[in-house]
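Notes for the one structure printed next.
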Amino acid sequence: MSKPILKVEKLTKRYPNGVLALQNVSFSVMPGEFLVIIGLSGSGKSTLLKSLNHLVEPTSGQILFGDKDITRSSTKDARETRQQMAMIFQQFNLIPRHTVLQNALTGRLGKTGTLKSIFGRFSKKDISDAYSFLELVGIRDKANIRADQLSGGQQQRVAIARALMQNPSVLLADEPVASLDPATCHVVMDYLKKVNRELGITVICNLHFLSLVRQYADRVIALKQGQIVFEGSPDQISAEWFRRIYGEDAREVEVE
Amino acid sequence: MNKHHIQRYVFDAFNFSIIFAILFYGIFTHSSESLPDLKKSLLVLSGGLVLGTFLSYWGNKKGRRTLGETLFSSAEDTAVATDHSLLRSLWGFQLIVSFLVLLVAAGRQTEFSLIELLNKDGIASAANLFHELASPDWGLLPVAIVKVIETIFIAFLATVFALPVAFILSFFAAKNIMRGPTAFGVYGVLRTSLNVVRSVEPIIWAIIFAVWVGVGPFAGMLALMIQSIASLTKQYSEIIEGVSEGPIEGIVSTGANPIQTVWFGVVPQVILPFISFTIYRWDINVRMATIIGFAGGGGIGTILYQYSMRSQWNQVGCLIVVIAFVVWVLDILSAYIREALK
């Protein structure tokens with residue numbers, strides 16, 4: 001059996017306002033896995049993902065990335081980690097006034113000098129890579145259109161292209177389809193699956209809809225009030241588990 | 001004794017002491033020309049402060065709400081507040097007396113006089129002035145045009161020089177960029193010094209620079225530039241503080257360094273409002289450049305000052321028409337450009 005790419009030990013996060021977002025969360029992620037994290041809003045899913053790439057600093061616990069302990073890193077090391085763990089967001093977080101191509105190119109900022117990037121002097125290889133990743137997510141023809149002219153689903157695909165530009169080994173996806181309509185949900189999820197299968201990038205994805213989980217996840221972790229309450233394969237989530245995760249009154253919603 | 005108590009005693013003390021001081025001088029001094037004896041005034045004021053604190057304390061103890069108590073009361077105090085009407089309560093009486101005393105004192109200080117306002121000779125000379133203003137001396141028009149162009153360029157150069165300085169400073173004056181203790185210290189020092197600079201009117205800067213580089217347009221330009229740097233930095237930094245976090249988070253997540261994060265995450269969001277505010281600042285500067293001319297800052301303001309001092313109202317009329325026209329045109333122009341930038 002191969003070694004886990006990411007090992008999280010007793011991760012705890014308490015925000016300055018006293019909210020305990022994560023409590024002793026431990027899990028491992030295997031290379032090439034499509035791991036989905038589920039749970040109600042406020043269960044700590046987002047905090048968990050953001051502590052992995054230092055957008056949020058954990059209070060205690062340990063994160064091993066490969067063989068490296070990345071829990072407490074200098075700002076420079078944190079930037080290195082972020083390059084290898086790309087991230088996409090619920091609100092896409094693109095630069096609205098820049099073109100699709102320019103947005104994709106920002107995925108190379110970590111490997112480009114400050115002055116070069118400010119003057120927009122990305123290398124020829126960066127530009128051709130950007131085009132091929134845009135091609136991969138089926139949006140190459142929009143390369144010169146401003147990002148804010150695109151639909152939500154298209155913007156999320158640009159965000160995936162930007163993430164791929166980082167040549168990451170892990171892709172963190174924080175509610176990637178929560179602000180999309182059900183039809184586009186599948187398009188974006190399919191591209192994530194493609195990235196996972198074809199490029200072998202490990203995907204850790206926060207999701208709301210169980211039907212999507214069954215369809216895309218290799219393995220599922222359920223969080224409730226900052227603690228792991230379920231870990232297993234998606235088809236193990238029975239009706240009983242569902243109620244335990246989401247509460248007694250919850251009812252399952254299908255995404256077609 | 002909590003924070004609210006201290007606030008109300010301080011307020012009442014100052015309130016009473018000012019009323020006492022005004023009444024004291026109103027009664028015991030007859031000529032407004034006589035200079036106050038500072039030592040005696042200080043005695044009167046501190047006597048008022050002591051008396052005011054005592055009255056406030058005594059009033060509150062007796063259940064009479066003073067003005068201080070009404071203004072600074074904690075939530076639980078308000079909950080048990082009695083429903084005294086304005087005239088029947090101590091605080092209402094205090095408010096009315098304070099207002100009346102201040103009104104009378106202000107009237108005396110500003111030498112307010114209906115007799116002067118309605119004086120026949122006065123009205124006649126004002127009518128004469130308006131009559132002359134209304135028939136401008138168009139012979140002065142070429143000079144006025146040359147001078148107003150000077151004014152426009154003073155404003156233009158001041159804005160252009162202020163722009164890059166304010167652009168860079170504004171990031172250091174934005175709370176959301178300056179996180180962490182050191183950065184926040186820089187932010188505090190910068191904000192404070194900008195406030196000091198802004199609170200000195202440009203006309204004072206014009207006097208300072210007139211001494212430094214000599215009377216003329218250059219001094220005026222420097223005065224406006226200093227004022228513009230301070231104002232633009234404040235406006236820019238407020239725009240920066242209002243940017244959305246999403247794109248910044250997106251850029252940070254790629255592993256970009258702080259400079260790249262600001263350049264890609266913040267700058268694209270603020271560039272249009274920056275341009276809009278800059279054009280508006282130029283517009284304001286043209287108007288201010290006219291006033292600065294009065295203090296030796298060059299441009300049309302300087303000759304406006306000279307002609308009005310010599311009571312040459314026909315010439316002043318011509319200058320006013322030119323200034324009004326230019327301000328009007330620039331106003332429309334800048335509004336038009338700013339609208340297009342949205």
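FYI, nothing fancy with the structure tokens labels: chains A, B, ... in order, residues from 1 per chain, ligands from 1 as they appear.
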Identify all chain A residues at most 6 Å from chain B by counting only C-alpha atoms; ligands do not count. Present them as number ranges by chain. A: 79, 82-83, 93-95, 107, 109-110
Which of stretch 48-205 of chain B DSSP labels alpha helix (DSSP H), written as a PyMOL selection string: chain B and resi 48-61+67-71+75-79+90-109+114-117+120-133+141-172+181-199+202-205
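Note that the spacing between atom CA of B:Ser276 and atom CA of B:Ile337 amounts to 7.9 Å.
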Write out as number ranges by chain which residues come within 6 Å of stretch 222-226 of chain B when counting only C-alpha atoms, dropping same-chain ones fewer than 6 positions away. B: 158, 162, 202, 205-206
Can those selected residues be exported to a file as a compact mmCIF listing (two decimals), in the first residue's frame so that it contains C-alpha atoms?
```txt
# COMPACT_ATOMS: atom_id res chain seq x y z
CA ALA B 158 -0.86 69.55 -8.67
CA ALA B 162 -0.14 64.03 -6.31
CA PRO B 202 -4.55 74.85 1.35
CA TRP B 205 0.07 75.91 2.58
CA ALA B 206 0.03 78.57 -0.14
```
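Taking only C-alpha atoms, the non-local environment of A:Asn206 within 10 Å (same-chain residues fewer than 5 positions away omitted) comprises A:Leu35, A:Val36, A:Ile37, A:Ile38, A:Gly39, A:Lys45, A:Ser46, A:Leu48, A:Leu49, A:Phe89, A:Gln90, A:Leu172, A:Ala173, A:Asp174, A:Glu175, A:Pro176, A:Val177, A:Ala178, A:Val213, A:Val220, A:Ile221, A:Ala222.
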Output N, CA and C atoms for every residue in the selection just made, as a CSV table (one decimal), in the first residue's frame.
```csv
chain,number,residue,atom,x,y,z
A,35,LEU,N,-11.6,12.7,-2.6
A,35,LEU,CA,-12.2,12.7,-1.3
A,35,LEU,C,-13.2,13.8,-1.2
A,36,VAL,N,-14.4,13.4,-0.7
A,36,VAL,CA,-15.4,14.4,-0.5
A,36,VAL,C,-15.7,14.6,0.9
A,37,ILE,N,-15.8,15.9,1.4
A,37,ILE,CA,-16.2,16.2,2.7
A,37,ILE,C,-17.6,16.8,2.7
A,38,ILE,N,-18.5,16.2,3.5
A,38,ILE,CA,-19.9,16.7,3.6
A,38,ILE,C,-20.2,17.2,5.0
A,39,GLY,N,-21.3,17.8,5.1
A,39,GLY,CA,-21.7,18.4,6.4
A,39,GLY,C,-22.5,19.6,6.2
A,45,LYS,N,-16.3,22.5,7.3
A,45,LYS,CA,-15.7,22.0,6.0
A,45,LYS,C,-14.8,23.0,5.4
A,46,SER,N,-15.2,24.3,5.3
A,46,SER,CA,-14.4,25.3,4.7
A,46,SER,C,-13.2,25.6,5.5
A,48,LEU,N,-11.6,23.5,7.4
A,48,LEU,CA,-10.7,22.4,7.2
A,48,LEU,C,-9.9,22.5,5.9
A,49,LEU,N,-10.6,22.8,4.8
A,49,LEU,CA,-9.8,23.0,3.5
A,49,LEU,C,-8.8,24.1,3.6
A,89,PHE,N,-13.0,27.9,-5.4
A,89,PHE,CA,-13.9,28.4,-4.4
A,89,PHE,C,-15.3,28.5,-4.9
A,90,GLN,N,-16.2,28.6,-3.9
A,90,GLN,CA,-17.7,28.7,-4.2
A,90,GLN,C,-17.9,29.9,-5.1
A,172,LEU,N,-7.8,21.5,-3.9
A,172,LEU,CA,-8.9,21.7,-2.9
A,172,LEU,C,-10.0,22.4,-3.6
A,173,ALA,N,-11.2,21.9,-3.4
A,173,ALA,CA,-12.4,22.5,-4.0
A,173,ALA,C,-13.4,22.8,-2.9
A,174,ASP,N,-13.6,24.1,-2.6
A,174,ASP,CA,-14.5,24.5,-1.5
A,174,ASP,C,-15.9,24.9,-2.1
A,175,GLU,N,-16.8,23.9,-1.9
A,175,GLU,CA,-18.2,24.1,-2.4
A,175,GLU,C,-18.2,24.6,-3.9
A,176,PRO,N,-17.5,23.8,-4.8
A,176,PRO,CA,-17.3,24.3,-6.1
A,176,PRO,C,-18.6,24.5,-6.9
A,177,VAL,N,-19.7,23.8,-6.5
A,177,VAL,CA,-20.9,23.9,-7.3
A,177,VAL,C,-22.1,24.5,-6.5
A,178,ALA,N,-21.8,25.1,-5.3
A,178,ALA,CA,-22.9,25.5,-4.5
A,178,ALA,C,-23.6,26.8,-5.1
A,213,VAL,N,-22.3,13.3,-4.2
A,213,VAL,CA,-21.3,12.6,-3.5
A,213,VAL,C,-21.2,11.1,-4.0
A,220,VAL,N,-15.7,9.3,1.5
A,220,VAL,CA,-16.4,10.4,2.1
A,220,VAL,C,-16.1,10.6,3.6
A,221,ILE,N,-15.9,11.9,4.0
A,221,ILE,CA,-15.8,12.2,5.4
A,221,ILE,C,-16.9,13.1,5.7
A,222,ALA,N,-17.6,12.9,6.8
A,222,ALA,CA,-18.7,13.8,7.2
A,222,ALA,C,-18.3,14.5,8.5
```
